[in-house]
file input_8.txt (compact mmCIF, C-alpha atoms)
# COMPACT_ATOMS: atom_id res chain seq x y z
CA MET R 4 0.00 0.00 0.00
CA ASN R 5 1.51 3.33 -1.00
CA ASP R 6 1.23 6.43 1.17
CA ALA R 7 -1.63 7.89 -0.89
CA GLU R 8 -3.69 4.74 -0.21
CA SER R 9 -2.84 4.47 3.52
CA PRO R 10 -5.07 5.75 6.32
CA HIS R 11 -2.28 8.16 7.18
CA GLY R 12 -2.26 9.48 3.63
CA ALA R 13 -6.03 9.93 3.64
CA GLU R 14 -5.82 11.78 6.93
CA HIS R 15 -3.12 14.03 5.52
CA ARG R 16 -5.20 14.82 2.44
CA ALA R 17 -8.27 15.58 4.55
CA GLU R 18 -6.24 17.91 6.73
CA HIS R 19 -4.87 19.66 3.66
CA GLU R 20 -8.37 20.08 2.21
CA ALA R 21 -9.66 21.44 5.52
CA GLU R 22 -6.90 24.04 5.57
CA ARG R 23 -7.61 25.03 1.97
CA ASP R 24 -11.29 25.42 2.83
CA ALA R 25 -10.46 27.71 5.77
CA ILE R 26 -8.21 29.86 3.58
CA ARG R 27 -10.97 30.07 0.95
CA ARG R 28 -13.46 31.20 3.59
CA ASP R 29 -11.09 33.95 4.70
CA ARG R 30 -10.61 35.08 1.12
CA THR R 31 -14.35 35.20 0.29
CA ASP R 32 -15.95 36.29 3.57
CA PRO R 33 -18.17 39.39 3.23
CA LEU R 34 -16.21 41.14 6.00
CA PRO R 35 -12.48 40.93 5.41
CA THR R 36 -10.42 40.60 8.55
CA LEU R 37 -9.08 43.75 10.19
CA ARG R 38 -6.16 41.75 11.53
CA ASP R 39 -3.65 44.21 10.04
CA ALA R 40 -5.03 46.91 12.36
CA PHE R 41 -3.77 44.99 15.40
CA HIS R 42 -0.48 43.75 16.79
CA VAL R 43 -0.77 39.95 16.63
CA PRO R 44 1.78 38.27 18.92
CA PRO R 45 4.28 35.80 17.52
CA ALA R 46 3.32 32.17 17.89
CA PRO R 47 4.71 30.77 21.15
CA GLY R 48 5.35 27.47 19.36
CA GLY R 49 4.54 25.47 16.26
CA PRO R 50 5.20 26.13 12.55
CA HIS R 51 3.39 29.47 12.14
CA ALA R 52 4.88 32.92 12.59
CA GLU R 53 1.83 34.48 14.22
CA ALA R 54 -0.30 33.17 17.03
CA ALA R 55 -3.84 32.00 16.45
CA TYR R 56 -5.20 34.22 19.22
CA PHE R 57 -8.36 33.05 21.00
CA ALA R 58 -7.89 34.89 24.31
CA GLY R 59 -9.54 38.18 23.35
CA ASN R 60 -12.23 37.40 25.91
CA SER R 61 -9.49 37.87 28.51
CA LEU R 62 -7.32 40.57 26.90
CA GLY R 63 -7.88 41.94 23.42
CA LEU R 64 -5.06 42.60 21.01
CA GLN R 65 -3.47 46.04 20.82
CA PRO R 66 -4.72 48.31 18.02
CA LYS R 67 -1.77 49.68 16.10
CA SER R 68 -3.28 53.16 16.39
CA ALA R 69 -3.17 53.07 20.21
CA ALA R 70 0.52 53.91 20.48
CA ARG R 71 0.09 57.02 18.33
CA LEU R 72 -2.71 58.36 20.51
CA VAL R 73 -0.83 57.65 23.75
CA ASN R 74 2.34 59.21 22.37
CA GLU R 75 0.46 62.34 21.33
CA GLU R 76 -0.73 62.80 24.90
CA LEU R 77 2.80 62.26 26.18
CA GLU R 78 4.05 64.88 23.71
CA ASP R 79 1.37 67.35 24.82
CA TRP R 80 2.28 66.72 28.45
CA ALA R 81 5.96 67.40 27.67
CA ARG R 82 5.18 70.45 25.54
CA LEU R 83 2.34 72.06 27.48
CA ALA R 84 2.45 70.62 31.02
CA VAL R 85 -0.63 71.84 32.91
CA GLU R 86 -1.84 73.79 29.86
CA GLY R 87 -2.57 70.49 28.19
CA HIS R 88 -5.88 70.50 30.07
CA THR R 89 -7.14 73.27 27.80
CA ARG R 90 -4.65 73.63 24.93
CA GLY R 91 -3.79 70.05 24.00
CA ARG R 92 -4.74 68.46 20.71
CA ARG R 93 -7.50 66.76 22.65
CA PRO R 94 -7.87 68.93 25.78
CA TRP R 95 -7.78 66.81 28.91
CA VAL R 96 -10.41 68.72 30.84
CA ASP R 97 -13.20 67.11 28.83
CA TYR R 98 -11.25 64.23 27.31
CA HIS R 99 -13.82 61.62 28.35
CA GLU R 100 -16.35 63.36 26.09
CA LEU R 101 -14.49 61.94 23.08
CA ALA R 102 -15.57 58.43 24.07
CA ARG R 103 -19.20 59.29 24.75
CA GLU R 104 -20.88 59.04 21.35
CA PRO R 105 -18.99 55.99 20.01
CA ALA R 106 -19.55 54.20 23.33
CA ALA R 107 -23.24 55.04 23.16
CA ARG R 108 -23.47 53.62 19.65
CA LEU R 109 -21.68 50.48 20.79
CA VAL R 110 -24.10 49.69 23.62
CA GLY R 111 -27.32 51.06 22.17
CA ALA R 112 -27.61 54.10 24.43
CA ARG R 113 -28.15 57.82 24.17
CA PRO R 114 -24.96 59.83 24.57
CA HIS R 115 -25.89 61.39 27.92
CA GLU R 116 -26.50 57.89 29.33
CA VAL R 117 -22.87 56.70 29.07
CA VAL R 118 -19.54 57.69 30.54
CA ALA R 119 -16.04 56.22 30.42
CA MET R 120 -14.66 56.03 33.96
CA ASN R 121 -12.89 53.91 36.56
CA SER R 122 -12.74 50.13 36.31
CA LEU R 123 -15.63 47.69 36.05
CA THR R 124 -15.99 46.70 39.70
CA VAL R 125 -15.58 50.28 40.88
CA ASP R 126 -18.40 51.27 38.54
CA LEU R 127 -20.59 48.44 39.79
CA HIS R 128 -20.04 49.61 43.36
CA LEU R 129 -20.91 53.18 42.38
CA MET R 130 -24.07 51.95 40.70
CA MET R 131 -25.05 49.84 43.70
CA ALA R 132 -24.42 52.78 46.03
CA THR R 133 -27.26 54.47 44.15
CA PHE R 134 -29.51 51.63 43.07
CA TYR R 135 -29.26 48.95 45.75
CA ARG R 136 -31.55 50.33 48.44
CA PRO R 137 -32.79 47.36 50.47
CA ALA R 138 -35.93 48.06 52.48
CA GLY R 139 -38.56 45.94 54.16
CA GLU R 140 -38.83 42.54 52.52
CA ARG R 141 -37.14 43.75 49.31
CA THR R 142 -33.50 43.07 50.16
CA ARG R 143 -32.20 40.41 47.77
CA ILE R 144 -29.50 40.77 45.13
CA VAL R 145 -29.88 38.11 42.43
CA ILE R 146 -26.87 36.98 40.43
CA GLU R 147 -26.01 33.84 38.48
CA ASP R 148 -24.18 31.06 40.30
CA THR R 149 -21.30 31.23 37.81
CA ALA R 150 -20.94 35.00 38.07
CA PHE R 151 -17.38 36.24 37.74
CA PRO R 152 -15.82 36.16 41.23
CA SER R 153 -15.41 39.93 41.38
CA ASP R 154 -19.18 40.34 41.00
CA SER R 155 -19.76 37.86 43.81
CA TYR R 156 -17.39 39.76 46.08
CA ALA R 157 -18.97 43.09 45.15
CA VAL R 158 -22.57 42.09 45.90
CA GLN R 159 -21.62 40.27 49.09
CA SER R 160 -19.80 43.36 50.36
CA GLN R 161 -22.76 45.57 49.42
CA ALA R 162 -25.05 43.37 51.49
CA ILE R 163 -22.65 43.58 54.44
CA HIS R 164 -22.45 47.35 53.98
CA HIS R 165 -26.21 47.50 54.51
CA GLY R 166 -26.02 45.34 57.63
CA LEU R 167 -27.39 42.23 55.92
CA GLU R 168 -26.20 38.63 55.98
CA PRO R 169 -24.75 38.02 52.50
CA ASP R 170 -25.73 34.34 52.52
CA ARG R 171 -29.35 35.43 52.89
CA ALA R 172 -29.33 38.61 50.83
CA VAL R 173 -27.45 37.25 47.79
CA VAL R 174 -29.36 34.70 45.69
CA ARG R 175 -27.39 32.66 43.15
CA LEU R 176 -29.51 31.31 40.31
CA ARG R 177 -28.36 27.86 39.19
CA PRO R 178 -29.05 25.86 36.03
CA ARG R 179 -31.28 22.82 36.27
CA GLU R 180 -29.66 19.59 37.40
CA GLY R 181 -27.44 18.22 34.65
CA GLU R 182 -27.54 21.43 32.58
CA GLU R 183 -24.88 24.08 32.00
CA HIS R 184 -26.97 27.21 31.39
CA LEU R 185 -29.65 29.26 33.06
CA ARG R 186 -32.89 28.95 31.16
CA THR R 187 -34.58 32.27 30.54
CA GLU R 188 -37.92 30.80 31.60
CA ASP R 189 -36.40 29.81 34.95
CA VAL R 190 -35.13 33.34 35.57
CA LEU R 191 -38.54 34.75 34.69
CA ALA R 192 -40.29 32.18 36.89
CA TYR R 193 -38.08 33.11 39.84
CA LEU R 194 -38.88 36.80 39.37
CA GLU R 195 -42.60 36.08 39.16
CA ARG R 196 -42.47 33.91 42.25
CA GLU R 197 -40.02 35.86 44.42
CA GLY R 198 -39.88 39.28 42.80
CA ARG R 199 -41.30 41.10 45.81
CA HIS R 200 -38.10 40.21 47.67
CA VAL R 201 -35.68 41.30 44.93
CA ALA R 202 -34.09 44.73 45.27
CA LEU R 203 -31.47 44.23 42.53
CA LEU R 204 -31.05 41.82 39.63
CA LEU R 205 -27.42 41.87 38.44
CA LEU R 206 -26.50 39.27 35.84
CA GLY R 207 -23.73 38.95 33.27
CA GLY R 208 -24.90 39.72 29.75
CA VAL R 209 -22.59 36.98 28.45
CA ASN R 210 -21.43 34.49 31.04
CA TYR R 211 -17.66 34.50 31.38
CA LEU R 212 -17.41 30.72 31.90
CA THR R 213 -19.92 29.19 29.49
CA GLY R 214 -20.23 31.97 26.92
CA GLN R 215 -24.03 31.97 27.25
CA LEU R 216 -25.73 35.13 25.98
CA MET R 217 -28.64 36.01 28.24
CA ASP R 218 -31.96 37.26 26.90
CA MET R 219 -31.35 40.70 28.31
CA ALA R 220 -34.52 42.25 26.89
CA ALA R 221 -36.88 39.64 28.37
CA ILE R 222 -35.11 39.44 31.72
CA THR R 223 -34.93 43.22 32.10
CA LYS R 224 -38.64 43.54 31.36
CA ALA R 225 -39.51 40.86 33.91
CA GLY R 226 -37.19 42.27 36.56
CA ARG R 227 -38.57 45.77 36.28
CA ALA R 228 -42.15 44.43 36.26
CA ALA R 229 -41.33 42.69 39.55
CA GLY R 230 -40.27 46.02 41.04
CA ALA R 231 -36.53 45.29 41.03
CA VAL R 232 -33.70 47.43 39.73
CA VAL R 233 -32.03 45.66 36.78
CA GLY R 234 -28.31 46.06 36.14
CA TRP R 235 -26.02 44.18 33.77
CA ASP R 236 -22.34 43.31 33.89
CA LEU R 237 -21.37 43.56 30.23
CA ALA R 238 -17.69 42.62 30.57
CA HIS R 239 -18.11 39.81 28.03
CA ALA R 240 -20.93 41.43 26.05
CA ALA R 241 -19.68 44.90 25.10
CA GLY R 242 -17.96 44.65 21.74
CA ASN R 243 -19.07 41.02 21.43
CA VAL R 244 -22.83 41.21 20.82
CA PRO R 245 -25.23 43.99 19.78
CA LEU R 246 -26.79 45.81 22.72
CA ARG R 247 -29.82 48.09 23.06
CA LEU R 248 -29.59 49.24 26.65
CA HIS R 249 -31.84 52.28 26.30
CA ASP R 250 -34.58 50.47 24.40
CA TRP R 251 -34.47 47.49 26.78
CA ASP R 252 -35.09 49.91 29.67
CA VAL R 253 -32.05 48.70 31.60
CA ASP R 254 -31.50 50.68 34.81
CA PHE R 255 -27.70 50.56 34.71
CA ALA R 256 -24.84 48.61 33.20
CA ALA R 257 -21.06 48.56 33.34
CA TRP R 258 -18.36 46.98 31.24
CA CYS R 259 -14.61 46.71 31.05
CA THR R 260 -12.83 47.67 27.83
CA TYR R 261 -9.78 45.42 27.87
CA LYS R 262 -11.46 42.29 26.53
CA TYR R 263 -13.40 42.56 23.29
CA LEU R 264 -12.84 46.33 23.25
CA ASN R 265 -9.06 45.94 22.94
CA SER R 266 -8.12 48.93 25.08
CA GLY R 267 -5.25 47.50 27.09
CA PRO R 268 -4.76 45.82 30.48
CA GLY R 269 -6.75 47.52 33.20
CA ALA R 270 -8.23 50.00 30.71
CA VAL R 271 -10.86 52.56 31.65
CA ALA R 272 -14.31 51.00 31.94
CA GLY R 273 -17.69 52.16 30.65
CA CYS R 274 -20.93 52.81 32.47
CA PHE R 275 -24.58 53.28 31.45
CA VAL R 276 -27.35 54.92 33.46
CA HIS R 277 -30.80 55.15 31.89
CA GLU R 278 -31.95 58.70 31.19
CA ARG R 279 -34.90 58.44 33.58
CA HIS R 280 -32.30 58.21 36.36
CA VAL R 281 -29.81 60.78 35.08
CA ARG R 282 -32.60 63.33 35.12
CA ASP R 283 -33.25 62.66 38.81
CA ALA R 284 -30.81 64.93 40.65
CA GLY R 285 -32.11 63.64 43.97
CA LEU R 286 -30.82 60.12 43.55
CA PRO R 287 -28.24 59.28 46.24
CA LYS R 288 -24.76 58.76 44.88
CA LEU R 289 -21.14 58.80 45.94
CA ALA R 290 -19.91 62.16 44.69
CA GLY R 291 -16.63 63.50 43.40
CA TRP R 292 -15.29 66.60 41.67
CA TRP R 293 -15.73 65.36 38.12
CA GLY R 294 -19.34 64.45 38.87
CA THR R 295 -20.29 68.12 39.23
CA ASP R 296 -21.70 70.21 36.40
CA PRO R 297 -18.72 71.26 34.21
CA ALA R 298 -20.25 74.71 33.86
CA THR R 299 -19.72 75.35 37.57
CA ARG R 300 -16.95 72.84 38.41
CA PHE R 301 -14.13 75.35 38.62
CA ARG R 302 -15.98 77.71 40.92
CA MET R 303 -14.75 75.31 43.59
CA ALA R 304 -17.99 75.56 45.56
CA PRO R 305 -18.66 72.99 48.29
CA GLU R 306 -22.14 72.21 46.91
CA PHE R 307 -22.49 69.23 44.59
CA THR R 308 -24.47 70.08 41.45
CA PRO R 309 -24.64 67.02 39.16
CA PRO R 310 -25.39 67.34 35.46
CA ALA R 311 -28.30 65.47 33.88
CA SER R 312 -26.05 62.77 32.46
CA ALA R 313 -24.13 59.67 33.49
CA ASP R 314 -21.23 62.05 34.21
CA ALA R 315 -22.87 62.70 37.57
CA TRP R 316 -21.44 59.37 38.78
CA GLN R 317 -17.85 60.31 37.92
CA LEU R 318 -15.47 60.82 40.79
CA SER R 319 -12.16 62.04 39.41
CA ASN R 320 -10.79 63.51 36.21
CA PRO R 321 -10.12 60.79 33.63
CA PRO R 322 -6.71 59.10 33.35
CA ILE R 323 -5.69 60.44 29.96
CA LEU R 324 -2.94 57.93 29.13
CA ALA R 325 -5.28 55.04 29.95
CA LEU R 326 -8.23 56.49 28.07
CA ALA R 327 -6.36 57.15 24.83
CA PRO R 328 -6.32 53.44 23.78
CA VAL R 329 -10.09 53.31 24.42
CA LEU R 330 -10.51 56.01 21.79
CA ALA R 331 -8.35 54.03 19.36
CA SER R 332 -10.52 50.95 19.82
CA LEU R 333 -13.85 52.76 19.62
CA GLU R 334 -12.76 54.31 16.33
CA ILE R 335 -12.30 50.82 14.89
CA PHE R 336 -15.71 49.66 16.10
CA ASP R 337 -17.34 52.80 14.71
CA GLY R 338 -15.77 52.12 11.34
CA VAL R 339 -17.12 48.58 11.09
CA GLY R 340 -20.32 48.55 13.15
CA MET R 341 -21.61 45.89 15.50
CA ALA R 342 -24.09 44.45 12.98
CA ALA R 343 -21.31 43.46 10.57
CA LEU R 344 -19.09 42.23 13.38
CA ARG R 345 -21.88 40.12 14.87
CA ALA R 346 -22.59 38.50 11.50
CA LYS R 347 -18.90 37.68 11.04
CA SER R 348 -18.73 36.41 14.61
CA GLU R 349 -21.59 33.99 14.01
CA ARG R 350 -19.88 32.64 10.89
CA LEU R 351 -16.53 32.14 12.65
CA THR R 352 -18.02 30.57 15.76
CA ALA R 353 -20.29 28.24 13.79
CA TYR R 354 -17.32 27.09 11.72
CA LEU R 355 -15.23 26.44 14.82
CA ALA R 356 -18.11 24.62 16.52
CA GLY R 357 -18.50 22.36 13.48
CA ARG R 358 -14.81 21.57 13.48
CA LEU R 359 -14.85 20.75 17.20
CA ALA R 360 -17.95 18.55 17.14
CA PRO R 361 -16.33 15.22 16.09
CA ILE R 362 -13.29 15.51 18.37
CA PRO R 363 -13.48 12.93 21.16
CA GLY R 364 -12.61 13.85 24.72
CA LEU R 365 -14.15 17.32 24.75
CA ARG R 366 -17.62 18.68 25.31
CA VAL R 367 -18.75 22.12 24.20
CA ILE R 368 -20.74 23.70 27.05
CA THR R 369 -21.63 26.91 25.21
CA PRO R 370 -25.19 26.99 23.81
CA ALA R 371 -25.46 25.58 20.30
CA ASP R 372 -28.00 28.24 19.31
CA PRO R 373 -26.10 31.22 17.80
CA ALA R 374 -28.69 33.57 19.30
CA ALA R 375 -27.82 32.30 22.78
CA ARG R 376 -24.05 32.78 22.64
CA GLY R 377 -21.40 35.34 21.82
CA CYS R 378 -18.22 34.40 20.00
CA GLN R 379 -16.75 32.31 22.83
CA LEU R 380 -16.90 28.52 22.82
CA SER R 381 -16.13 26.84 26.14
CA ILE R 382 -15.14 23.19 26.22
CA ARG R 383 -14.84 20.76 29.12
CA VAL R 384 -11.74 18.64 29.01
CA PRO R 385 -9.53 16.97 31.62
CA ASP R 386 -6.42 18.93 32.59
CA ALA R 387 -7.57 22.13 30.92
CA ARG R 388 -4.54 24.21 31.85
CA ALA R 389 -2.09 21.59 30.60
CA LEU R 390 -4.03 21.37 27.34
CA VAL R 391 -3.85 25.14 26.84
CA GLU R 392 -0.09 25.03 27.34
CA ARG R 393 0.19 22.19 24.83
CA LEU R 394 -1.87 24.07 22.22
CA ALA R 395 0.43 27.07 22.52
CA ALA R 396 3.66 25.08 22.38
CA SER R 397 2.67 22.74 19.55
CA ALA R 398 0.55 24.96 17.30
CA GLY R 399 0.86 28.56 18.45
CA VAL R 400 -2.81 28.55 19.49
CA MET R 401 -3.37 30.90 22.41
CA ALA R 402 -6.48 30.17 24.50
CA ASP R 403 -7.14 30.24 28.22
CA ALA R 404 -8.25 27.81 30.91
CA ARG R 405 -10.62 28.18 33.84
CA GLU R 406 -10.14 25.72 36.65
CA PRO R 407 -10.61 22.89 36.79
CA ASP R 408 -11.73 21.71 33.35
CA VAL R 409 -12.81 24.50 30.99
CA VAL R 410 -10.88 25.79 27.98
CA ARG R 411 -12.24 28.99 26.43
CA LEU R 412 -11.78 29.76 22.73
CA ALA R 413 -12.96 33.15 21.46
CA PRO R 414 -12.70 33.75 17.69
CA VAL R 415 -12.93 37.56 17.77
CA PRO R 416 -14.25 38.84 14.43
CA LEU R 417 -12.00 41.89 14.31
CA TYR R 418 -8.82 39.84 14.02
CA SER R 419 -9.51 36.10 14.17
CA THR R 420 -9.68 34.15 10.92
CA PHE R 421 -11.15 30.89 9.69
CA HIS R 422 -7.58 29.69 9.33
CA ASP R 423 -7.02 30.43 13.03
CA CYS R 424 -10.08 28.29 13.78
CA HIS R 425 -8.69 25.52 11.56
CA ARG R 426 -5.41 25.63 13.48
CA ALA R 427 -7.23 25.42 16.82
CA ALA R 428 -9.42 22.50 15.78
CA SER R 429 -6.51 20.60 14.27
CA ALA R 430 -4.35 21.19 17.34
CA LEU R 431 -7.14 20.03 19.66
CA ALA R 432 -7.74 16.92 17.56
CA SER R 433 -4.04 16.11 17.67
CA ALA R 434 -3.81 16.72 21.41
CA LEU R 435 -6.89 14.65 22.20
CA GLY R 436 -6.19 11.88 19.74
CA GLY R 437 -9.10 12.17 17.32
CA PRO R 438 -10.19 13.64 13.98
CA SER R 439 -11.31 17.23 13.60
CA GLY R 440 -14.37 18.10 11.52
CA ARG R 441 -13.77 18.63 7.83

call {"tool": "encode", "arguments": {"input": "input_8.txt", "output": "structure tokens"}}
result
Amino acid sequence: MNDAESPHGAEHRAEHEAERDAIRRDRTDPLPTLRDAFHVPPAPGGPHAEAAYFAGNSLGLQPKSAARLVNEELEDWARLAVEGHTRGRRPWVDYHELAREPAARLVGARPHEVVAMNSLTVDLHLMMATFYRPAGERTRIVIEDTAFPSDSYAVQSQAIHHGLEPDRAVVRLRPREGEEHLRTEDVLAYLEREGRHVALLLLGGVNYLTGQLMDMAAITKAGRAAGAVVGWDLAHAAGNVPLRLHDWDVDFAAWCTYKYLNSGPGAVAGCFVHERHVRDAGLPKLAGWWGTDPATRFRMAPEFTPPASADAWQLSNPPILALAPVLASLEIFDGVGMAALRAKSERLTAYLAGRLAPIPGLRVITPADPAARGCQLSIRVPDARALVERLAASAGVMADAREPDVVRLAPVPLYSTFHDCHRAASALASALGGPSGR
């Protein structure tokens, strides 16, 4: 039997055809990749020069335009010193305004409902200082059982701050026995049954562990009908899925910008407050200088006079060098639009899911329905962290692991390609000893 007739030869031909198919998809896709707009790291191992990067759900790649914007601020600082606040190319005194409209477009808000400030958990605490007001029997904070740990810590500490027992005040919604995801109907049923006890509903728009996309419109409507305040942690949703926060009547939301929004480690976060709240100057809030009306801010009066915008929740003047990369990223999103990115995301993720399906030894725990997931696919495998290290060393595929047994792969439509997905599936098949889908 010659090599062409051997099982090994057939496997080699199938692998070659699969790679050609991935390259063809990249060449003919309606939205060409914007990969050249980003710094793609070198492959940590394997035969390829560049990494196949699937960790954008943890830290997005650096836009090439970010360094220019940061350097311009450094130059203005060197050239103008304190005068940069008013005479810089982008004056620092109202620098955060530059992010307002593109951020609003990104999350489906009106410009006065959004502000770039702080970090995600700080913003959640600021929102809860205003909107978590336990009274009488309405004391509960409802989160999902697999909420990101920081959210768990934040809501527990808020309960303690109000003199409540966190084990009683914080309710963790769990999937049904043997299932991985919260069913929307179960969330709605809980709100109908127990809504009179719920002061705050605070869920993740896209779950960090499973990649499940929640039905934010339906859940928000049910939560508000039950008399609860509804907030969303959009760390894994902003820049990943289309959002309509104003139209959904969300009370508040917050998101980080270093994941899908590619703004750098620890980048300045974003916050949304619905306009019915920003117009209410009497709402209690933790106040700071930059939360006062800019028209009167520099009168240095002791009285706090908030503007009718989300800016009223700001504390301090924005960190210019950290906000500059946010502007670079938002410019890219504005140029493409979330509708086109979502369509490309669904094509990439569906392709990767099809390639993963026949591989033995792994189980995809992300919903199969494209409408119920973002771009991330989470898989359960033994020794997840060791597998991630092997993928990087053998094939230059960069993913991440969540203990003890979940590997997360996020084909980000701005810079991931079908060929990246082919590399990931082939590397997983090789590592787990089975065929990848063709």

call {"tool": "residues_around", "arguments": {"input": "input_8.txt", "residues": "stretch 58-60 of chain R", "least_positions_apart": "6", "cutoff": "12 Å", "atoms": "only C-alpha atoms", "output": "MDAnalysis selection string"}}
result
chainID R and resid 41 43:44 209:214 237:243 259:268 377:381 391 395 400:405 410:419

call {"tool": "write_last_selection", "arguments": {"input": "input_8.txt", "atoms": "C-alpha atoms", "output": "short mmCIF file (atom, residue, chain, number, x, y, z; two decimals), in the coordinates of the input"}}
result
data_model
loop_
_atom_site.label_atom_id
_atom_site.label_comp_id
_atom_site.auth_asym_id
_atom_site.auth_seq_id
_atom_site.Cartn_x
_atom_site.Cartn_y
_atom_site.Cartn_z
CA PHE R 41 -3.77 44.99 15.40
CA VAL R 43 -0.77 39.95 16.63
CA PRO R 44 1.78 38.27 18.92
CA VAL R 209 -22.59 36.98 28.45
CA ASN R 210 -21.43 34.49 31.04
CA TYR R 211 -17.66 34.50 31.38
CA LEU R 212 -17.41 30.72 31.90
CA THR R 213 -19.92 29.19 29.49
CA GLY R 214 -20.23 31.97 26.92
CA LEU R 237 -21.37 43.56 30.23
CA ALA R 238 -17.69 42.62 30.57
CA HIS R 239 -18.11 39.81 28.03
CA ALA R 240 -20.93 41.43 26.05
CA ALA R 241 -19.68 44.90 25.10
CA GLY R 242 -17.96 44.65 21.74
CA ASN R 243 -19.07 41.02 21.43
CA CYS R 259 -14.61 46.71 31.05
CA THR R 260 -12.83 47.67 27.83
CA TYR R 261 -9.78 45.42 27.87
CA LYS R 262 -11.46 42.29 26.53
CA TYR R 263 -13.40 42.56 23.29
CA LEU R 264 -12.84 46.33 23.25
CA ASN R 265 -9.06 45.94 22.94
CA SER R 266 -8.12 48.93 25.08
CA GLY R 267 -5.25 47.50 27.09
CA PRO R 268 -4.76 45.82 30.48
CA GLY R 377 -21.40 35.34 21.82
CA CYS R 378 -18.22 34.40 20.00
CA GLN R 379 -16.75 32.31 22.83
CA LEU R 380 -16.90 28.52 22.82
CA SER R 381 -16.13 26.84 26.14
CA VAL R 391 -3.85 25.14 26.84
CA ALA R 395 0.43 27.07 22.52
CA VAL R 400 -2.81 28.55 19.49
CA MET R 401 -3.37 30.90 22.41
CA ALA R 402 -6.48 30.17 24.50
CA ASP R 403 -7.14 30.24 28.22
CA ALA R 404 -8.25 27.81 30.91
CA ARG R 405 -10.62 28.18 33.84
CA VAL R 410 -10.88 25.79 27.98
CA ARG R 411 -12.24 28.99 26.43
CA LEU R 412 -11.78 29.76 22.73
CA ALA R 413 -12.96 33.15 21.46
CA PRO R 414 -12.70 33.75 17.69
CA VAL R 415 -12.93 37.56 17.77
CA PRO R 416 -14.25 38.84 14.43
CA LEU R 417 -12.00 41.89 14.31
CA TYR R 418 -8.82 39.84 14.02
CA SER R 419 -9.51 36.10 14.17
#

call {"tool": "atom_distance", "arguments": {"input": "input_8.txt", "atom1": "atom CA of R:Asp236", "atom2": "atom CA of R:Ile163"}}
result
20.6 Å

call {"tool": "closest_residue", "arguments": {"input": "input_8.txt", "among": "R:His280, R:His249, R:Arg393, R:Lys347", "to": "R:Met130", "atoms": "only C-alpha atoms"}}
result
R:His280

call {"tool": "residues_around", "arguments": {"input": "input_8.txt", "residues": "R:Glu100", "least_positions_apart": "2", "cutoff": "12 Å", "atoms": "only C-alpha atoms", "output": "JSON, numbers by chain"}}
result
{"R": [93, 94, 95, 96, 97, 98, 102, 103, 104, 105, 106, 107, 114, 115, 116, 117, 118, 119, 120, 297, 312, 313, 314, 320, 321, 323, 326, 327, 329, 330]}

call {"tool": "atom_distance", "arguments": {"input": "input_8.txt", "atom1": "atom CA of R:Ile222", "atom2": "atom CA of R:Asp408"}}
result
29.4 Å

call {"tool": "residues_around", "arguments": {"input": "input_8.txt", "residues": "R:Arg71", "least_positions_apart": "6", "cutoff": "12 Å", "atoms": "only C-alpha atoms", "output": "JSON, numbers by chain"}}
result
{"R": [65, 77, 78, 324, 327, 328, 330, 331]}

call {"tool": "residues_around", "arguments": {"input": "input_8.txt", "residues": "R:Val339", "least_positions_apart": "2", "cutoff": "12 Å", "atoms": "all atoms listed in the file", "output": "list of chain:residue names"}}
result
R:Leu34, R:Pro35, R:Thr36, R:Leu37, R:Pro105, R:Arg108, R:Leu109, R:Gly242, R:Ser332, R:Leu333, R:Glu334, R:Ile335, R:Phe336, R:Asp337, R:Met341, R:Ala342, R:Ala343, R:Leu344, R:Arg345, R:Ala346, R:Lys347, R:Pro416, R:Leu417

call {"tool": "atom_distance", "arguments": {"input": "input_8.txt", "atom1": "atom CA of R:Gly139", "atom2": "atom CA of R:Arg199"}}
result
10.0 Å

call {"tool": "closest_residue", "arguments": {"input": "input_8.txt", "among": "R:Trp293, R:Phe307, R:Phe255, R:Phe301", "to": "R:Arg279", "atoms": "all atoms listed in the file"}}
result
R:Phe255

call {"tool": "residues_near_point", "arguments": {"input": "input_8.txt", "point": "(-39.1, 39.8, 32.5)", "cutoff": "12 Å", "atoms": "all atoms listed in the file", "output": "ChimeraX atom specification"}}
result
/R:187-196,198,204,217-233,251-253

call {"tool": "write_last_selection", "arguments": {"input": "input_8.txt", "atoms": "C-alpha atoms", "output": "compact mmCIF listing (two decimals), keeping the file's coordinate frame"}}
result
# COMPACT_ATOMS: atom_id res chain seq x y z
CA THR R 187 -34.58 32.27 30.54
CA GLU R 188 -37.92 30.80 31.60
CA ASP R 189 -36.40 29.81 34.95
CA VAL R 190 -35.13 33.34 35.57
CA LEU R 191 -38.54 34.75 34.69
CA ALA R 192 -40.29 32.18 36.89
CA TYR R 193 -38.08 33.11 39.84
CA LEU R 194 -38.88 36.80 39.37
CA GLU R 195 -42.60 36.08 39.16
CA ARG R 196 -42.47 33.91 42.25
CA GLY R 198 -39.88 39.28 42.80
CA LEU R 204 -31.05 41.82 39.63
CA MET R 217 -28.64 36.01 28.24
CA ASP R 218 -31.96 37.26 26.90
CA MET R 219 -31.35 40.70 28.31
CA ALA R 220 -34.52 42.25 26.89
CA ALA R 221 -36.88 39.64 28.37
CA ILE R 222 -35.11 39.44 31.72
CA THR R 223 -34.93 43.22 32.10
CA LYS R 224 -38.64 43.54 31.36
CA ALA R 225 -39.51 40.86 33.91
CA GLY R 226 -37.19 42.27 36.56
CA ARG R 227 -38.57 45.77 36.28
CA ALA R 228 -42.15 44.43 36.26
CA ALA R 229 -41.33 42.69 39.55
CA GLY R 230 -40.27 46.02 41.04
CA ALA R 231 -36.53 45.29 41.03
CA VAL R 232 -33.70 47.43 39.73
CA VAL R 233 -32.03 45.66 36.78
CA TRP R 251 -34.47 47.49 26.78
CA ASP R 252 -35.09 49.91 29.67
CA VAL R 253 -32.05 48.70 31.60
